[in-house]
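Asks: See entry_33.csv below, with CSV, N, CA and C atoms.
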```
chain,number,residue,atom,x,y,z
A,1,MET,N,22.7,39.9,-121.5
A,1,MET,CA,23.8,38.9,-121.7
A,1,MET,C,24.3,38.4,-120.3
A,2,ASP,N,24.6,37.1,-120.2
A,2,ASP,CA,25.0,36.5,-119.0
A,2,ASP,C,26.5,36.9,-118.6
A,3,GLU,N,26.8,37.0,-117.4
A,3,GLU,CA,28.1,37.2,-117.0
A,3,GLU,C,28.9,35.9,-117.1
A,4,PRO,N,30.2,36.0,-117.4
A,4,PRO,CA,31.0,34.8,-117.5
A,4,PRO,C,30.9,33.9,-116.2
A,5,GLY,N,30.7,32.7,-116.4
A,5,GLY,CA,30.6,31.8,-115.3
A,5,GLY,C,29.2,31.8,-114.6
A,6,ALA,N,28.3,32.7,-115.0
A,6,ALA,CA,27.0,32.7,-114.4
A,6,ALA,C,26.1,31.8,-115.2
A,7,PRO,N,25.1,31.1,-114.5
A,7,PRO,CA,24.2,30.3,-115.2
A,7,PRO,C,23.4,31.0,-116.2
A,8,HIS,N,23.1,30.3,-117.4
A,8,HIS,CA,22.3,30.9,-118.4
A,8,HIS,C,20.8,31.0,-117.9
A,9,THR,N,20.1,32.1,-118.2
A,9,THR,CA,18.7,32.2,-117.8
A,9,THR,C,17.8,31.3,-118.7
A,10,GLN,N,18.2,31.2,-120.0
A,10,GLN,CA,17.4,30.4,-121.0
A,10,GLN,C,17.7,29.0,-120.7
A,11,GLY,N,16.7,28.1,-120.6
A,11,GLY,CA,17.0,26.7,-120.3
A,11,GLY,C,17.4,26.5,-118.9
A,12,SER,N,17.0,27.3,-118.0
A,12,SER,CA,17.4,27.2,-116.6
A,12,SER,C,17.1,25.9,-116.0
A,13,LEU,N,18.0,25.4,-115.2
A,13,LEU,CA,17.8,24.1,-114.5
A,13,LEU,C,17.1,24.3,-113.2
A,14,THR,N,16.3,23.4,-112.8
A,14,THR,CA,15.7,23.4,-111.4
A,14,THR,C,16.8,23.1,-110.4
A,15,GLU,N,16.4,23.3,-109.2
A,15,GLU,CA,17.4,23.0,-108.1
A,15,GLU,C,17.7,21.5,-108.1
A,16,ARG,N,16.6,20.7,-108.3
A,16,ARG,CA,16.8,19.2,-108.3
A,16,ARG,C,17.7,18.8,-109.5
A,17,GLU,N,17.5,19.4,-110.6
A,17,GLU,CA,18.3,19.1,-111.8
A,17,GLU,C,19.8,19.4,-111.6
A,18,VAL,N,20.0,20.5,-110.9
A,18,VAL,CA,21.4,20.9,-110.5
A,18,VAL,C,22.0,19.8,-109.6
A,19,GLU,N,21.2,19.4,-108.6
A,19,GLU,CA,21.7,18.3,-107.7
A,19,GLU,C,22.1,17.0,-108.5
A,20,VAL,N,21.2,16.7,-109.5
A,20,VAL,CA,21.4,15.5,-110.3
A,20,VAL,C,22.7,15.7,-111.2
A,21,LEU,N,22.8,16.9,-111.8
A,21,LEU,CA,23.9,17.2,-112.6
A,21,LEU,C,25.2,17.1,-111.8
A,22,ASP,N,25.2,17.6,-110.6
A,22,ASP,CA,26.4,17.6,-109.7
A,22,ASP,C,26.8,16.1,-109.5
A,23,LEU,N,25.8,15.2,-109.2
A,23,LEU,CA,26.2,13.8,-109.0
A,23,LEU,C,26.6,13.1,-110.3
A,24,LEU,N,26.0,13.5,-111.4
A,24,LEU,CA,26.5,13.0,-112.7
A,24,LEU,C,28.0,13.4,-112.9
A,25,ALA,N,28.3,14.6,-112.5
A,25,ALA,CA,29.7,15.0,-112.7
A,25,ALA,C,30.7,14.2,-111.8
A,26,LYS,N,30.1,13.7,-110.7
A,26,LYS,CA,31.0,12.9,-109.8
A,26,LYS,C,31.0,11.4,-110.2
A,27,GLY,N,30.4,11.1,-111.4
A,27,GLY,CA,30.4,9.8,-111.9
A,27,GLY,C,29.4,8.8,-111.4
A,28,LEU,N,28.4,9.2,-110.7
A,28,LEU,CA,27.4,8.3,-110.2
A,28,LEU,C,26.5,7.8,-111.3
A,29,ALA,N,26.1,6.6,-111.1
A,29,ALA,CA,25.1,6.0,-112.0
A,29,ALA,C,23.7,6.4,-111.6
A,30,ASN,N,22.7,6.3,-112.4
A,30,ASN,CA,21.3,6.7,-112.1
A,30,ASN,C,20.8,6.1,-110.8
A,31,LYS,N,21.1,4.8,-110.6
A,31,LYS,CA,20.7,4.1,-109.4
A,31,LYS,C,21.3,4.7,-108.2
A,32,GLN,N,22.6,5.1,-108.2
A,32,GLN,CA,23.3,5.7,-107.1
A,32,GLN,C,22.8,7.1,-106.8
A,33,ILE,N,22.5,7.8,-107.9
A,33,ILE,CA,21.9,9.1,-107.7
A,33,ILE,C,20.5,9.0,-107.1
A,34,ALA,N,19.7,8.1,-107.5
A,34,ALA,CA,18.4,7.8,-106.9
A,34,ALA,C,18.5,7.6,-105.4
A,35,ALA,N,19.5,6.7,-105.0
A,35,ALA,CA,19.7,6.4,-103.6
A,35,ALA,C,20.1,7.6,-102.8
A,36,ALA,N,21.0,8.4,-103.4
A,36,ALA,CA,21.6,9.6,-102.7
A,36,ALA,C,20.5,10.6,-102.5
A,37,LEU,N,19.6,10.8,-103.4
A,37,LEU,CA,18.6,11.8,-103.3
A,37,LEU,C,17.2,11.3,-102.8
A,38,GLY,N,17.1,10.0,-102.6
A,38,GLY,CA,15.8,9.5,-102.1
A,38,GLY,C,14.8,9.5,-103.2
A,39,LEU,N,15.2,9.3,-104.4
A,39,LEU,CA,14.2,9.3,-105.5
A,39,LEU,C,14.2,7.9,-106.2
A,40,SER,N,13.2,7.7,-107.0
A,40,SER,CA,13.2,6.5,-107.8
A,40,SER,C,14.1,6.6,-109.0
A,41,GLU,N,14.6,5.5,-109.5
A,41,GLU,CA,15.5,5.5,-110.6
A,41,GLU,C,14.8,6.1,-111.8
A,42,HIS,N,13.5,5.9,-112.0
A,42,HIS,CA,12.7,6.5,-113.1
A,42,HIS,C,12.7,8.0,-113.0
A,43,THR,N,12.6,8.5,-111.8
A,43,THR,CA,12.6,10.0,-111.6
A,43,THR,C,13.9,10.6,-112.0
A,44,VAL,N,15.0,9.9,-111.6
A,44,VAL,CA,16.3,10.3,-112.0
A,44,VAL,C,16.5,10.3,-113.5
A,45,LYS,N,16.0,9.3,-114.2
A,45,LYS,CA,16.1,9.2,-115.6
A,45,LYS,C,15.4,10.4,-116.2
A,46,PHE,N,14.2,10.8,-115.7
A,46,PHE,CA,13.4,11.9,-116.1
A,46,PHE,C,14.3,13.2,-116.0
A,47,HIS,N,14.9,13.4,-114.8
A,47,HIS,CA,15.7,14.6,-114.6
A,47,HIS,C,16.9,14.6,-115.6
A,48,VAL,N,17.6,13.5,-115.8
A,48,VAL,CA,18.7,13.4,-116.7
A,48,VAL,C,18.3,13.8,-118.1
A,49,SER,N,17.1,13.3,-118.5
A,49,SER,CA,16.6,13.6,-119.9
A,49,SER,C,16.3,15.1,-120.0
A,50,SER,N,15.7,15.7,-118.9
A,50,SER,CA,15.4,17.1,-118.9
A,50,SER,C,16.7,18.0,-119.0
A,51,ILE,N,17.7,17.5,-118.2
A,51,ILE,CA,19.0,18.2,-118.2
A,51,ILE,C,19.6,18.2,-119.6
A,52,TYR,N,19.6,17.0,-120.3
A,52,TYR,CA,20.1,16.9,-121.7
A,52,TYR,C,19.4,17.9,-122.6
A,53,GLY,N,18.1,18.0,-122.5
A,53,GLY,CA,17.4,18.9,-123.3
A,53,GLY,C,17.7,20.4,-123.1
A,54,LYS,N,17.8,20.7,-121.8
A,54,LYS,CA,18.0,22.1,-121.4
A,54,LYS,C,19.4,22.6,-121.7
A,55,LEU,N,20.4,21.6,-121.7
A,55,LEU,CA,21.8,22.0,-121.9
A,55,LEU,C,22.2,21.6,-123.3
A,56,ASN,N,21.2,21.1,-124.1
A,56,ASN,CA,21.5,20.7,-125.5
A,56,ASN,C,22.7,19.7,-125.6
A,57,ALA,N,22.5,18.7,-124.7
A,57,ALA,CA,23.6,17.7,-124.6
A,57,ALA,C,23.0,16.3,-125.1
A,58,ALA,N,23.9,15.5,-125.7
A,58,ALA,CA,23.5,14.2,-126.2
A,58,ALA,C,23.8,13.1,-125.2
A,59,ASN,N,24.7,13.4,-124.2
A,59,ASN,CA,25.1,12.4,-123.3
A,59,ASN,C,25.6,13.0,-122.0
A,60,ARG,N,26.0,12.2,-121.0
A,60,ARG,CA,26.4,12.7,-119.7
A,60,ARG,C,27.6,13.6,-119.8
A,61,THR,N,28.6,13.2,-120.6
A,61,THR,CA,29.8,13.9,-120.7
A,61,THR,C,29.5,15.3,-121.2
A,62,GLN,N,28.7,15.4,-122.3
A,62,GLN,CA,28.3,16.8,-122.8
A,62,GLN,C,27.6,17.6,-121.8
A,63,ALA,N,26.7,16.9,-121.0
A,63,ALA,CA,25.9,17.6,-120.0
A,63,ALA,C,26.8,18.2,-118.9
A,64,VAL,N,27.7,17.4,-118.5
A,64,VAL,CA,28.7,17.8,-117.4
A,64,VAL,C,29.5,19.0,-118.0
A,65,ARG,N,30.0,18.8,-119.2
A,65,ARG,CA,30.9,19.9,-119.8
A,65,ARG,C,30.1,21.2,-119.9
A,66,GLU,N,28.9,21.1,-120.3
A,66,GLU,CA,28.1,22.3,-120.5
A,66,GLU,C,27.7,22.9,-119.1
A,67,GLY,N,27.4,22.0,-118.1
A,67,GLY,CA,27.1,22.5,-116.8
A,67,GLY,C,28.3,23.2,-116.2
A,68,LEU,N,29.5,22.7,-116.4
A,68,LEU,CA,30.7,23.4,-115.9
A,68,LEU,C,30.9,24.7,-116.6
A,69,ARG,N,30.8,24.7,-118.0
A,69,ARG,CA,31.0,25.9,-118.8
A,69,ARG,C,30.0,27.0,-118.4
A,70,SER,N,28.8,26.6,-118.1
A,70,SER,CA,27.7,27.5,-117.8
A,70,SER,C,27.6,28.0,-116.4
A,71,GLY,N,28.4,27.3,-115.5
A,71,GLY,CA,28.5,27.7,-114.1
A,71,GLY,C,27.5,27.0,-113.2
A,72,TRP,N,26.8,26.0,-113.8
A,72,TRP,CA,25.8,25.3,-112.9
A,72,TRP,C,26.5,24.5,-111.9
A,73,ILE,N,27.6,23.9,-112.2
A,73,ILE,CA,28.4,23.1,-111.3
A,73,ILE,C,29.8,23.4,-111.3
A,74,VAL,N,30.5,23.1,-110.2
A,74,VAL,CA,31.9,23.3,-110.0
A,74,VAL,C,32.5,22.0,-109.5
A,75,LEU,N,33.6,21.6,-110.1
A,75,LEU,CA,34.3,20.4,-109.6
A,75,LEU,C,35.4,20.8,-108.6
```
Would you kindly transcribe this structure into structure tokens?
Replies:
Amino acid sequence: MDEPGAPHTQGSLTEREVEVLDLLAKGLANKQIAAALGLSEHTVKFHVSSIYGKLNAANRTQAVREGLRSGWIVL
């Protein structure tokens, strides 16, 4: 069982996905995230989709909420 505030081991996010999730939490659009991380917008969309799946989220708000709850990001 995971400790409170510790990231879940099931559906673990990659280091890059955590970076993308952190920027999502700051309200950045995919294009802005791409520029900040030196990625293509297509790659960012791929990471966002992967984050949604791993965190069982349907949208950015749910992903950020689950990321905060699971300890992946801190505001």
Asks: Between atom C of Val74 (chain A) and CA of His42 (chain A), measure the distance and give it in Å to one decimal.
Replies: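 Going from atom C of Val74 (chain A) over to CA of His42 (chain A) covers 25.4 Å.
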Asks: Might you pull out every residue within 8 Å of region 55-61 of chain A, with all atoms listed in the file counted and same-chain residues fewer than 4 positions away left off, and present them as a PDB file with N, CA and C atoms, keeping the file's coordinate frame?
Replies:
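Heads up, here's the output in selection-v3.pdb:
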```
ATOM      1  N   GLN A  10      18.200  31.200-120.000  1.00  0.00           N
ATOM      2  CA  GLN A  10      17.400  30.400-121.000  1.00  0.00           C
ATOM      3  C   GLN A  10      17.700  29.000-120.700  1.00  0.00           C
ATOM      4  N   GLY A  11      16.700  28.100-120.600  1.00  0.00           N
ATOM      5  CA  GLY A  11      17.000  26.700-120.300  1.00  0.00           C
ATOM      6  C   GLY A  11      17.400  26.500-118.900  1.00  0.00           C
ATOM      7  N   SER A  12      17.000  27.300-118.000  1.00  0.00           N
ATOM      8  CA  SER A  12      17.400  27.200-116.600  1.00  0.00           C
ATOM      9  C   SER A  12      17.100  25.900-116.000  1.00  0.00           C
ATOM     10  N   LEU A  13      18.000  25.400-115.200  1.00  0.00           N
ATOM     11  CA  LEU A  13      17.800  24.100-114.500  1.00  0.00           C
ATOM     12  C   LEU A  13      17.100  24.300-113.200  1.00  0.00           C
ATOM     13  N   LEU A  24      26.000  13.500-111.400  1.00  0.00           N
ATOM     14  CA  LEU A  24      26.500  13.000-112.700  1.00  0.00           C
ATOM     15  C   LEU A  24      28.000  13.400-112.900  1.00  0.00           C
ATOM     16  N   ALA A  25      28.300  14.600-112.500  1.00  0.00           N
ATOM     17  CA  ALA A  25      29.700  15.000-112.700  1.00  0.00           C
ATOM     18  C   ALA A  25      30.700  14.200-111.800  1.00  0.00           C
ATOM     19  N   SER A  49      17.100  13.300-118.500  1.00  0.00           N
ATOM     20  CA  SER A  49      16.600  13.600-119.900  1.00  0.00           C
ATOM     21  C   SER A  49      16.300  15.100-120.000  1.00  0.00           C
ATOM     22  N   SER A  50      15.700  15.700-118.900  1.00  0.00           N
ATOM     23  CA  SER A  50      15.400  17.100-118.900  1.00  0.00           C
ATOM     24  C   SER A  50      16.700  18.000-119.000  1.00  0.00           C
ATOM     25  N   ILE A  51      17.700  17.500-118.200  1.00  0.00           N
ATOM     26  CA  ILE A  51      19.000  18.200-118.200  1.00  0.00           C
ATOM     27  C   ILE A  51      19.600  18.200-119.600  1.00  0.00           C
ATOM     28  N   ARG A  65      30.000  18.800-119.200  1.00  0.00           N
ATOM     29  CA  ARG A  65      30.900  19.900-119.800  1.00  0.00           C
ATOM     30  C   ARG A  65      30.100  21.200-119.900  1.00  0.00           C
ATOM     31  N   GLU A  66      28.900  21.100-120.300  1.00  0.00           N
ATOM     32  CA  GLU A  66      28.100  22.300-120.500  1.00  0.00           C
ATOM     33  C   GLU A  66      27.700  22.900-119.100  1.00  0.00           C
ATOM     34  N   GLY A  67      27.400  22.000-118.100  1.00  0.00           N
ATOM     35  CA  GLY A  67      27.100  22.500-116.800  1.00  0.00           C
ATOM     36  C   GLY A  67      28.300  23.200-116.200  1.00  0.00           C
TER      37      GLY A  67
END
```
Asks: Write out as a list of chain:residue names the residues lying within 12 Å of Lys26 (chain A), counting only C-alpha atoms and excluding same-chain residues fewer than 2 positions away.
Replies: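 After dropping sequence-adjacent residues, the list is A:Glu19, A:Val20, A:Leu21, A:Asp22, A:Leu23, A:Leu24, A:Leu28, A:Ala29, A:Asn30, A:Gln32, A:Ile33, A:Arg60, A:Thr61, A:Val64, A:Ile73, A:Val74, A:Leu75.
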Asks: Can I get the selection written as a short mmCIF file (atom, residue, chain, number, x, y, z; two decimals), keeping the file's coordinate frame, with N, CA and C atoms?
Replies:
```cif
data_model
loop_
_atom_site.label_atom_id
_atom_site.label_comp_id
_atom_site.auth_asym_id
_atom_site.auth_seq_id
_atom_site.Cartn_x
_atom_site.Cartn_y
_atom_site.Cartn_z
N GLU A 19 21.20 19.40 -108.60
CA GLU A 19 21.70 18.30 -107.70
C GLU A 19 22.10 17.00 -108.50
N VAL A 20 21.20 16.70 -109.50
CA VAL A 20 21.40 15.50 -110.30
C VAL A 20 22.70 15.70 -111.20
N LEU A 21 22.80 16.90 -111.80
CA LEU A 21 23.90 17.20 -112.60
C LEU A 21 25.20 17.10 -111.80
N ASP A 22 25.20 17.60 -110.60
CA ASP A 22 26.40 17.60 -109.70
C ASP A 22 26.80 16.10 -109.50
N LEU A 23 25.80 15.20 -109.20
CA LEU A 23 26.20 13.80 -109.00
C LEU A 23 26.60 13.10 -110.30
N LEU A 24 26.00 13.50 -111.40
CA LEU A 24 26.50 13.00 -112.70
C LEU A 24 28.00 13.40 -112.90
N LEU A 28 28.40 9.20 -110.70
CA LEU A 28 27.40 8.30 -110.20
C LEU A 28 26.50 7.80 -111.30
N ALA A 29 26.10 6.60 -111.10
CA ALA A 29 25.10 6.00 -112.00
C ALA A 29 23.70 6.40 -111.60
N ASN A 30 22.70 6.30 -112.40
CA ASN A 30 21.30 6.70 -112.10
C ASN A 30 20.80 6.10 -110.80
N GLN A 32 22.60 5.10 -108.20
CA GLN A 32 23.30 5.70 -107.10
C GLN A 32 22.80 7.10 -106.80
N ILE A 33 22.50 7.80 -107.90
CA ILE A 33 21.90 9.10 -107.70
C ILE A 33 20.50 9.00 -107.10
N ARG A 60 26.00 12.20 -121.00
CA ARG A 60 26.40 12.70 -119.70
C ARG A 60 27.60 13.60 -119.80
N THR A 61 28.60 13.20 -120.60
CA THR A 61 29.80 13.90 -120.70
C THR A 61 29.50 15.30 -121.20
N VAL A 64 27.70 17.40 -118.50
CA VAL A 64 28.70 17.80 -117.40
C VAL A 64 29.50 19.00 -118.00
N ILE A 73 27.60 23.90 -112.20
CA ILE A 73 28.40 23.10 -111.30
C ILE A 73 29.80 23.40 -111.30
N VAL A 74 30.50 23.10 -110.20
CA VAL A 74 31.90 23.30 -110.00
C VAL A 74 32.50 22.00 -109.50
N LEU A 75 33.60 21.60 -110.10
CA LEU A 75 34.30 20.40 -109.60
C LEU A 75 35.40 20.80 -108.60
#
```
